[in-house]
$ cat structure.cif   # mmCIF, C-alpha atoms
data_model
#
loop_
_atom_site.label_atom_id
_atom_site.label_comp_id
_atom_site.auth_asym_id
_atom_site.auth_seq_id
_atom_site.Cartn_x
_atom_site.Cartn_y
_atom_site.Cartn_z
CA MET A 1 257.26 -46.51 -6.99
CA LEU A 2 256.47 -47.93 -10.40
CA GLU A 3 259.69 -49.87 -10.38
CA TRP A 4 258.76 -51.50 -7.08
CA ILE A 5 255.42 -52.65 -8.44
CA LEU A 6 257.02 -53.92 -11.64
CA SER A 7 259.71 -55.82 -9.75
CA ALA A 8 257.11 -57.36 -7.45
CA LEU A 9 255.00 -58.47 -10.43
CA ILE A 10 257.98 -59.97 -12.25
CA ILE A 11 259.10 -61.83 -9.14
CA ILE A 12 255.59 -63.16 -8.50
CA GLY A 13 255.43 -64.28 -12.11
CA ALA A 14 258.80 -65.98 -11.94
CA VAL A 15 257.93 -67.74 -8.67
CA PHE A 16 254.68 -69.15 -10.03
CA THR A 17 256.33 -70.30 -13.24
CA LEU A 18 259.04 -71.97 -11.16
CA ILE A 19 256.42 -73.71 -9.02
CA GLY A 20 254.75 -74.99 -12.18
CA SER A 21 258.05 -76.46 -13.30
CA ILE A 22 258.68 -77.96 -9.87
CA GLY A 23 255.27 -79.61 -10.15
CA LEU A 24 256.23 -81.06 -13.51
CA PHE A 25 259.26 -82.59 -11.86
CA LYS A 26 257.79 -83.62 -8.53
CA LEU A 27 254.33 -85.07 -9.18
CA PRO A 28 254.17 -88.84 -9.54
CA ASP A 29 252.23 -89.59 -12.73
CA PHE A 30 251.46 -88.07 -16.11
CA TYR A 31 247.95 -86.86 -15.37
CA MET A 32 249.00 -85.12 -12.18
CA ARG A 33 251.97 -83.54 -13.91
CA LEU A 34 249.59 -81.92 -16.37
CA HIS A 35 248.23 -79.75 -13.56
CA GLY A 36 251.53 -77.98 -12.95
CA PRO A 37 252.05 -76.31 -16.32
CA THR A 38 248.37 -75.61 -17.04
CA LYS A 39 247.67 -73.83 -13.76
CA ALA A 40 250.65 -72.39 -12.03
CA THR A 41 251.99 -70.95 -15.23
CA THR A 42 248.88 -68.98 -16.22
CA LEU A 43 249.24 -66.72 -13.20
CA GLY A 44 253.01 -66.61 -13.66
CA VAL A 45 252.84 -65.53 -17.27
CA GLY A 46 249.88 -63.28 -16.42
CA ALA A 47 251.86 -61.35 -13.81
CA ILE A 48 254.83 -60.93 -16.17
CA LEU A 49 252.50 -59.71 -18.93
CA ILE A 50 250.89 -57.16 -16.61
CA ALA A 51 254.37 -55.93 -15.69
CA SER A 52 255.25 -55.68 -19.38
CA ALA A 53 252.07 -53.77 -20.21
CA LEU A 54 252.66 -51.33 -17.34
CA TYR A 55 256.31 -50.82 -18.27
CA PHE A 56 255.69 -50.07 -21.93
CA GLY A 57 252.60 -48.07 -21.05
CA PHE A 58 254.52 -45.70 -18.79
CA LYS A 59 257.96 -45.60 -20.38
CA GLU A 60 256.81 -45.13 -23.94
CA ASP A 61 254.04 -43.08 -25.38
CA GLY A 62 250.68 -44.71 -25.76
CA ILE A 63 249.44 -47.91 -24.26
CA SER A 64 250.75 -51.31 -25.18
CA LEU A 65 248.03 -53.82 -25.94
CA HIS A 66 249.99 -56.76 -27.31
CA GLU A 67 249.90 -58.26 -23.84
CA VAL A 68 246.12 -58.50 -23.95
CA LEU A 69 246.43 -60.65 -27.05
CA ILE A 70 249.09 -62.87 -25.52
CA THR A 71 246.84 -63.43 -22.50
CA LEU A 72 243.91 -64.26 -24.76
CA PHE A 73 245.90 -66.74 -26.86
CA LEU A 74 247.39 -68.30 -23.74
CA PHE A 75 243.97 -68.81 -22.18
CA ILE A 76 242.75 -70.44 -25.37
CA THR A 77 245.74 -72.67 -26.08
CA ALA A 78 246.77 -73.85 -22.59
CA PRO A 79 243.59 -75.84 -21.82
CA VAL A 80 243.33 -77.18 -25.36
CA SER A 81 246.85 -78.57 -25.33
CA ALA A 82 246.30 -80.00 -21.84
CA HIS A 83 243.09 -81.65 -23.05
CA LEU A 84 244.81 -83.16 -26.10
CA MET A 85 247.72 -84.51 -24.05
CA ALA A 86 245.34 -86.02 -21.48
CA LYS A 87 243.28 -87.59 -24.26
CA ALA A 88 246.36 -89.05 -25.90
CA ALA A 89 247.54 -90.39 -22.54
CA LEU A 90 244.17 -92.04 -21.94
CA HIS A 91 244.29 -93.54 -25.42
CA ILE A 92 247.67 -95.22 -24.96
CA GLU A 93 246.79 -96.02 -21.34
CA THR A 94 249.69 -94.28 -19.69
CA ARG A 95 250.59 -95.60 -16.25
CA ARG A 96 248.71 -93.92 -13.44
CA ILE A 97 249.50 -94.21 -9.78
CA GLN A 98 247.62 -96.82 -7.80
CA ARG A 99 245.64 -94.52 -5.56
CA THR A 100 243.88 -92.75 -8.44
CA ARG A 101 240.19 -93.11 -7.77
CA GLN A 102 237.85 -93.87 -10.59
CA HIS A 103 234.49 -92.27 -10.16
CA PRO A 104 231.76 -94.73 -11.23
CA LYS A 105 230.08 -93.92 -14.52
CA MET B 1 217.58 -56.09 -46.08
CA LYS B 2 217.83 -58.71 -43.40
CA GLN B 3 218.77 -61.34 -45.98
CA PHE B 4 221.46 -59.07 -47.39
CA PHE B 5 222.84 -58.48 -43.93
CA LYS B 6 222.90 -62.22 -43.29
CA SER B 7 224.83 -63.12 -46.43
CA PHE B 8 227.20 -60.19 -45.99
CA LEU B 9 227.92 -60.78 -42.31
CA PRO B 10 227.21 -64.44 -41.51
CA HIS B 11 229.02 -64.35 -38.17
CA PRO B 12 228.93 -60.86 -36.70
CA ILE B 13 230.65 -61.83 -33.44
CA LEU B 14 233.47 -63.62 -35.24
CA SER B 15 233.95 -60.63 -37.54
CA LEU B 16 234.08 -58.26 -34.61
CA VAL B 17 236.64 -60.42 -32.80
CA LEU B 18 238.81 -60.73 -35.92
CA TRP B 19 238.72 -56.99 -36.41
CA GLY B 20 239.69 -56.36 -32.79
CA VAL B 21 242.50 -58.93 -32.90
CA TRP B 22 243.86 -57.39 -36.12
CA LEU B 23 243.99 -53.94 -34.55
CA LEU B 24 245.54 -55.32 -31.37
CA LEU B 25 248.16 -57.26 -33.33
CA ASN B 26 249.22 -54.09 -35.07
CA ASN B 27 248.79 -52.05 -31.90
CA THR B 28 247.44 -49.12 -33.88
CA LEU B 29 244.30 -47.22 -34.76
CA ALA B 30 245.61 -45.92 -38.09
CA PRO B 31 242.83 -45.56 -40.69
CA GLY B 32 244.63 -47.88 -43.10
CA HIS B 33 244.66 -50.71 -40.59
CA ILE B 34 241.05 -50.09 -39.59
CA VAL B 35 240.00 -50.56 -43.22
CA LEU B 36 242.30 -53.53 -43.82
CA GLY B 37 241.07 -55.15 -40.60
CA ALA B 38 237.47 -54.61 -41.64
CA ILE B 39 238.12 -56.23 -45.04
CA LEU B 40 239.73 -59.24 -43.34
CA ALA B 41 236.89 -59.43 -40.81
CA LEU B 42 234.43 -59.64 -43.68
CA LEU B 43 236.43 -62.07 -45.85
CA ILE B 44 237.71 -64.61 -43.30
CA PRO B 45 234.27 -65.70 -41.95
CA LYS B 46 233.09 -66.15 -45.55
CA LEU B 47 236.11 -68.20 -46.59
CA THR B 48 235.94 -70.39 -43.48
CA ALA B 49 232.17 -70.72 -43.51
CA SER B 50 232.33 -74.53 -43.61
CA PHE B 51 234.04 -74.55 -40.20
CA TRP B 52 231.09 -72.75 -38.64
CA PRO B 53 228.04 -74.84 -39.41
CA GLU B 54 225.98 -73.37 -36.62
CA LYS B 55 225.23 -69.80 -35.94
CA VAL B 56 226.51 -68.66 -32.59
CA CYS B 57 224.27 -66.40 -30.66
CA LEU B 58 224.92 -65.07 -27.22
CA SER B 59 222.37 -63.76 -24.81
CA HIS B 60 222.41 -62.43 -21.27
CA PRO B 61 225.36 -60.04 -21.42
CA VAL B 62 225.23 -59.68 -17.64
CA THR B 63 225.67 -63.44 -17.21
CA ILE B 64 228.62 -63.35 -19.63
CA LEU B 65 230.32 -60.62 -17.62
CA LYS B 66 229.59 -62.38 -14.33
CA PHE B 67 230.87 -65.67 -15.70
CA THR B 68 234.08 -64.04 -16.97
CA ALA B 69 234.66 -62.42 -13.59
CA ILE B 70 234.08 -65.70 -11.72
CA VAL B 71 236.43 -67.58 -14.06
CA LEU B 72 239.20 -64.98 -13.80
CA TRP B 73 238.93 -64.99 -10.01
CA ASP B 74 238.91 -68.80 -9.94
CA ILE B 75 241.99 -68.95 -12.17
CA MET B 76 243.85 -66.82 -9.65
CA VAL B 77 242.67 -68.90 -6.70
CA ALA B 78 243.41 -72.11 -8.63
CA ASN B 79 246.98 -71.02 -9.21
CA ILE B 80 247.55 -70.47 -5.52
CA ILE B 81 245.84 -73.72 -4.51
CA VAL B 82 247.78 -75.78 -7.04
CA ALA B 83 251.03 -74.06 -6.06
CA LYS B 84 250.35 -75.02 -2.43
CA LEU B 85 249.52 -78.62 -3.39
CA ILE B 86 252.71 -78.91 -5.45
CA LEU B 87 254.91 -77.51 -2.70
CA GLY B 88 253.23 -79.62 -0.03
CA ARG B 89 253.75 -83.34 0.42
CA THR B 90 252.69 -84.98 -2.81
CA GLN B 91 252.31 -88.40 -1.16
CA HIS B 92 249.05 -87.26 0.41
CA LEU B 93 247.41 -86.10 -2.81
CA GLN B 94 244.34 -88.04 -3.82
CA PRO B 95 243.98 -87.86 -7.60
CA ALA B 96 240.76 -89.06 -9.20
CA PHE B 97 238.97 -89.39 -12.49
CA LEU B 98 235.51 -87.86 -12.41
CA THR B 99 232.74 -88.32 -14.91
CA ILE B 100 230.52 -85.30 -15.33
CA GLU B 101 227.20 -85.86 -17.01
CA LEU B 102 226.59 -82.88 -19.20
CA ASP B 103 223.29 -81.08 -19.47
CA ILE B 104 224.69 -78.51 -21.83
CA GLN B 105 224.19 -79.35 -25.51
CA HIS B 106 225.71 -76.54 -27.52
CA PRO B 107 229.14 -77.64 -28.92
CA LEU B 108 230.76 -74.27 -28.29
CA GLY B 109 229.34 -74.27 -24.78
CA ILE B 110 230.85 -77.70 -24.14
CA SER B 111 234.28 -76.63 -25.37
CA LEU B 112 234.12 -73.49 -23.24
CA LEU B 113 233.13 -75.59 -20.22
CA ALA B 114 236.04 -77.98 -20.86
CA ASN B 115 238.46 -75.05 -21.19
CA THR B 116 237.14 -73.48 -18.01
CA ILE B 117 237.53 -76.75 -16.12
CA SER B 118 241.13 -77.03 -17.29
CA LEU B 119 241.93 -73.51 -16.11
CA THR B 120 240.32 -73.72 -12.66
CA PRO B 121 241.01 -75.40 -9.31
CA GLY B 122 242.92 -78.66 -9.64
CA THR B 123 241.00 -80.14 -12.55
CA VAL B 124 241.90 -80.92 -16.18
CA SER B 125 239.33 -82.09 -18.69
CA CYS B 126 240.54 -85.26 -20.39
CA ASP B 127 237.95 -86.69 -22.70
CA LEU B 128 234.50 -86.11 -24.09
CA SER B 129 232.36 -89.13 -24.85
CA GLU B 130 231.26 -89.74 -28.45
CA ASP B 131 227.68 -88.69 -27.81
CA ARG B 132 228.82 -85.49 -26.04
CA ARG B 133 227.04 -86.46 -22.85
CA CYS B 134 229.90 -87.21 -20.48
CA LEU B 135 233.06 -85.30 -19.78
CA LEU B 136 235.94 -87.11 -18.12
CA VAL B 137 237.87 -84.89 -15.76
CA HIS B 138 241.07 -85.55 -13.84
CA GLY B 139 241.34 -83.95 -10.42
CA LEU B 140 244.70 -83.39 -8.75
CA HIS B 141 243.34 -83.66 -5.24
CA VAL B 142 239.72 -84.73 -4.83
CA GLU B 143 238.31 -85.23 -1.37
CA ASP B 144 234.66 -85.62 -2.25
CA ALA B 145 233.96 -86.54 -5.86
CA ASP B 146 230.25 -85.72 -5.83
CA GLU B 147 230.84 -82.35 -4.26
CA THR B 148 233.45 -81.42 -6.86
CA ILE B 149 231.13 -82.45 -9.70
CA ASN B 150 228.29 -80.49 -8.17
CA GLU B 151 230.40 -77.41 -7.83
CA ILE B 152 231.51 -77.56 -11.47
CA LYS B 153 227.92 -77.98 -12.60
CA GLN B 154 226.59 -75.14 -10.47
CA ARG B 155 229.42 -72.73 -10.96
CA TYR B 156 230.31 -73.12 -14.61
CA GLU B 157 227.78 -75.22 -16.47
CA ARG B 158 224.67 -73.37 -15.43
CA PRO B 159 225.77 -69.88 -16.56
CA LEU B 160 227.12 -71.34 -19.82
CA MET B 161 223.77 -72.99 -20.44
CA GLU B 162 222.03 -69.70 -19.89
CA ILE B 163 224.38 -67.97 -22.31
CA PHE B 164 224.18 -70.50 -25.11
CA GLU B 165 220.86 -72.21 -24.93
CA SER B 166 218.33 -69.49 -24.63
CA CYS B 167 218.50 -68.69 -28.31
#
$ encode --input "structure.cif" --output "structure tokens"
Amino acid sequence: MLEWILSALIIIGAVFTLIGSIGLFKLPDFYMRLHGPTKATTLGVGAILIASALYFGFKEDGISLHEVLITLFLFITAPVSAHLMAKAALHIETRRIQRTRQHPK
Amino acid sequence: MKQFFKSFLPHPILSLVLWGVWLLLNNTLAPGHIVLGAILALLIPKLTASFWPEKVCLSHPVTILKFTAIVLWDIMVANIIVAKLILGRTQHLQPAFLTIELDIQHPLGISLLANTISLTPGTVSCDLSEDRRCLLVHGLHVEDADETINEIKQRYERPLMEIFESC
């Protein structure tokens, strides 16, 4: 039973990470590409981490809490790096696709 | 007594977090590590005091919990929505830059808001204006700009304001 749950979690994680990478490849401009890795991967990595925590929790004695830390660090670093890249892109005025709407200030 | 406490523990929350992270990193509750972690938790905030000019105080623990739950839920929903958008036809996506006028003043609150925006449905925060009043946000697929801005303000900014600005 446990193995089924673990396999499902790992597959879900892998699929979401793959979708994030597909987004990186498929979306037309830099700003849109940023959305792929920052979003789709958090759930992907999250599912894999839950699987890891469950596996080491059940197979070995005691609970494994390293995964909690990885999640925490991921949630802190992913948006910060996305913000910095977006800021840098704005600064050097990276090409954006024509239909991008600019909300009036 | 209060003065002593203040100079000894200038940032109680930071110390607590450092202590917890140390124990988690070592994945142990051995007495040696508890003591070592406590020493680090006392020393690091003192040594890095110049990075923390303002005292952070949190209030409304219920709001904090509620906010965390909302954000975690939204992260999950955001992942599914973005996955759908990526797999769908990208020619129909309508990206947009939005300017959000901030009511929240606390610097930590602003950075938390920006982080939250980056983690949730189809938006990435891009730039904060010099005077910390406007946040520029890029949306992957925005149908109604005003509605999106309103939702961000209602859903994330208001609870953060409650948490950070009532002290």
$ resolve_selection --input "structure.cif" --expression "the PyMOL selection byres ((chain A) within 8 of (chain B))" --output "PyMOL selection string"
chain A and resi 16+19-20+22-23+26-28+31-32+34-36+38-43+64-66+69+75-76+79-80+82-84+86-87+90+99-105
$ residues_around --input "structure.cif" --residues "Ser7 in chain A" --least-positions-apart "5" --cutoff "12 Å" --atoms "all atoms listed in the file" --output "ChimeraX atom specification"
/A:1-2,12-14,47-48,50-52,54-55
$ atom_distance --input "structure.cif" --atom1 "CA of Ile163 in chain B" --atom2 "CA of Ser59 in chain B"
5.3 Å
$ axis_aligned_box --input "structure.cif" --around "range 20-26 of chain A" --padding-each-side "3 Å" --output "JSON"
{"center_x": 257.0, "center_y": -79.3, "center_z": -11.0, "size_x": 10.5, "size_y": 14.6, "size_z": 11.0}
$ atom_distance --input "structure.cif" --atom1 "CA of Phe51 in chain B" --atom2 "CA of Leu108 in chain B"
12.4 Å
$ atom_distance --input "structure.cif" --atom1 "CA of His11 in chain B" --atom2 "CA of Leu40 in chain B"
12.9 Å
$ resolve_selection --input "structure.cif" --expression "the PyMOL selection byres ((chain B and resi 43) around 12)" --output "PyMOL selection string"
chain B and resi 7-12+14-15+18-19+36-42+44-49
$ write_last_selection --input "structure.cif" --atoms "C-alpha atoms" --output "mmCIF file, in the frame of the given file"
data_model
loop_
_atom_site.group_PDB
_atom_site.id
_atom_site.type_symbol
_atom_site.label_atom_id
_atom_site.label_comp_id
_atom_site.auth_asym_id
_atom_site.auth_seq_id
_atom_site.Cartn_x
_atom_site.Cartn_y
_atom_site.Cartn_z
ATOM 1 C CA SER B 7 224.830 -63.120 -46.430
ATOM 2 C CA PHE B 8 227.200 -60.190 -45.990
ATOM 3 C CA LEU B 9 227.920 -60.780 -42.310
ATOM 4 C CA PRO B 10 227.210 -64.440 -41.510
ATOM 5 C CA HIS B 11 229.020 -64.350 -38.170
ATOM 6 C CA PRO B 12 228.930 -60.860 -36.700
ATOM 7 C CA LEU B 14 233.470 -63.620 -35.240
ATOM 8 C CA SER B 15 233.950 -60.630 -37.540
ATOM 9 C CA LEU B 18 238.810 -60.730 -35.920
ATOM 10 C CA TRP B 19 238.720 -56.990 -36.410
ATOM 11 C CA LEU B 36 242.300 -53.530 -43.820
ATOM 12 C CA GLY B 37 241.070 -55.150 -40.600
ATOM 13 C CA ALA B 38 237.470 -54.610 -41.640
ATOM 14 C CA ILE B 39 238.120 -56.230 -45.040
ATOM 15 C CA LEU B 40 239.730 -59.240 -43.340
ATOM 16 C CA ALA B 41 236.890 -59.430 -40.810
ATOM 17 C CA LEU B 42 234.430 -59.640 -43.680
ATOM 18 C CA ILE B 44 237.710 -64.610 -43.300
ATOM 19 C CA PRO B 45 234.270 -65.700 -41.950
ATOM 20 C CA LYS B 46 233.090 -66.150 -45.550
ATOM 21 C CA LEU B 47 236.110 -68.200 -46.590
ATOM 22 C CA THR B 48 235.940 -70.390 -43.480
ATOM 23 C CA ALA B 49 232.170 -70.720 -43.510
#
$ closest_residue --input "structure.cif" --among "A:Ile10, A:Ala53, A:Gly46, A:Phe30" --to "Ala88 in chain A" --atoms "only C-alpha atoms"
A:Phe30
$ resolve_selection --input "structure.cif" --expression "the PyMOL selection byres ((chain B and resi 106) around 12)" --output "PDB file with C-alpha atoms, in the frame of the given file"
ATOM      1  CA  GLU B  54     225.980 -73.370 -36.620  1.00  0.00           C
ATOM      2  CA  LYS B  55     225.230 -69.800 -35.940  1.00  0.00           C
ATOM      3  CA  VAL B  56     226.510 -68.660 -32.590  1.00  0.00           C
ATOM      4  CA  CYS B  57     224.270 -66.400 -30.660  1.00  0.00           C
ATOM      5  CA  LEU B  58     224.920 -65.070 -27.220  1.00  0.00           C
ATOM      6  CA  LEU B 102     226.590 -82.880 -19.200  1.00  0.00           C
ATOM      7  CA  ASP B 103     223.290 -81.080 -19.470  1.00  0.00           C
ATOM      8  CA  ILE B 104     224.690 -78.510 -21.830  1.00  0.00           C
ATOM      9  CA  GLN B 105     224.190 -79.350 -25.510  1.00  0.00           C
ATOM     10  CA  PRO B 107     229.140 -77.640 -28.920  1.00  0.00           C
ATOM     11  CA  LEU B 108     230.760 -74.270 -28.290  1.00  0.00           C
ATOM     12  CA  GLY B 109     229.340 -74.270 -24.780  1.00  0.00           C
ATOM     13  CA  ILE B 110     230.850 -77.700 -24.140  1.00  0.00           C
ATOM     14  CA  SER B 111     234.280 -76.630 -25.370  1.00  0.00           C
ATOM     15  CA  LEU B 112     234.120 -73.490 -23.240  1.00  0.00           C
ATOM     16  CA  LEU B 113     233.130 -75.590 -20.220  1.00  0.00           C
ATOM     17  CA  ARG B 132     228.820 -85.490 -26.040  1.00  0.00           C
ATOM     18  CA  ARG B 133     227.040 -86.460 -22.850  1.00  0.00           C
ATOM     19  CA  GLU B 157     227.780 -75.220 -16.470  1.00  0.00           C
ATOM     20  CA  LEU B 160     227.120 -71.340 -19.820  1.00  0.00           C
ATOM     21  CA  MET B 161     223.770 -72.990 -20.440  1.00  0.00           C
ATOM     22  CA  GLU B 162     222.030 -69.700 -19.890  1.00  0.00           C
ATOM     23  CA  ILE B 163     224.380 -67.970 -22.310  1.00  0.00           C
ATOM     24  CA  PHE B 164     224.180 -70.500 -25.110  1.00  0.00           C
ATOM     25  CA  GLU B 165     220.860 -72.210 -24.930  1.00  0.00           C
ATOM     26  CA  SER B 166     218.330 -69.490 -24.630  1.00  0.00           C
ATOM     27  CA  CYS B 167     218.500 -68.690 -28.310  1.00  0.00           C
TER      28      CYS B 167
END
$ closest_residue --input "structure.cif" --among "A:Asp29, A:Gln98, A:Leu6, A:Val45" --to "Ile70 in chain A" --atoms "all atoms listed in the file"
A:Val45
$ decode --input "structure.cif" --residues "range 46-59 of chain A" --atoms "N, CA, C and O atoms" --output "compact mmCIF listing (two decimals), in the first residue's frame"
# COMPACT_ATOMS: atom_id res chain seq x y z
N GLY A 46 7.71 19.43 -4.19
CA GLY A 46 6.97 19.17 -2.97
C GLY A 46 6.51 17.72 -2.89
O GLY A 46 6.70 17.06 -1.87
N ALA A 47 5.92 17.22 -3.97
CA ALA A 47 5.42 15.84 -3.96
C ALA A 47 6.57 14.85 -3.76
O ALA A 47 6.46 13.89 -3.00
N ILE A 48 7.71 15.11 -4.43
CA ILE A 48 8.85 14.20 -4.29
C ILE A 48 9.38 14.24 -2.85
O ILE A 48 9.72 13.20 -2.27
N LEU A 49 9.37 15.43 -2.24
CA LEU A 49 9.85 15.55 -0.86
C LEU A 49 8.93 14.82 0.10
O LEU A 49 9.40 14.17 1.04
N ILE A 50 7.61 14.92 -0.14
CA ILE A 50 6.68 14.20 0.74
C ILE A 50 6.94 12.69 0.62
O ILE A 50 7.01 11.97 1.62
N ALA A 51 7.14 12.23 -0.62
CA ALA A 51 7.44 10.81 -0.82
C ALA A 51 8.71 10.42 -0.06
O ALA A 51 8.75 9.39 0.62
N SER A 52 9.72 11.27 -0.16
CA SER A 52 10.99 10.98 0.53
C SER A 52 10.79 10.92 2.04
O SER A 52 11.27 10.00 2.71
N ALA A 53 10.03 11.90 2.58
CA ALA A 53 9.82 11.92 4.03
C ALA A 53 9.07 10.67 4.47
O ALA A 53 9.41 10.04 5.48
N LEU A 54 8.04 10.27 3.70
CA LEU A 54 7.28 9.07 4.05
C LEU A 54 8.17 7.83 4.00
O LEU A 54 8.18 7.00 4.91
N TYR A 55 8.97 7.73 2.92
CA TYR A 55 9.81 6.55 2.75
C TYR A 55 10.77 6.39 3.92
O TYR A 55 10.84 5.34 4.55
N PHE A 56 11.52 7.47 4.22
CA PHE A 56 12.51 7.34 5.29
C PHE A 56 11.85 7.28 6.66
O PHE A 56 12.43 6.75 7.59
N GLY A 57 10.62 7.82 6.75
CA GLY A 57 9.91 7.72 8.01
C GLY A 57 9.49 6.28 8.31
O GLY A 57 9.54 5.83 9.45
N PHE A 58 9.08 5.56 7.27
CA PHE A 58 8.58 4.20 7.51
C PHE A 58 9.67 3.15 7.44
O PHE A 58 9.64 2.18 8.19
N LYS A 59 10.63 3.32 6.53
CA LYS A 59 11.63 2.28 6.34
C LYS A 59 12.69 2.31 7.44
O LYS A 59 13.23 1.29 7.82
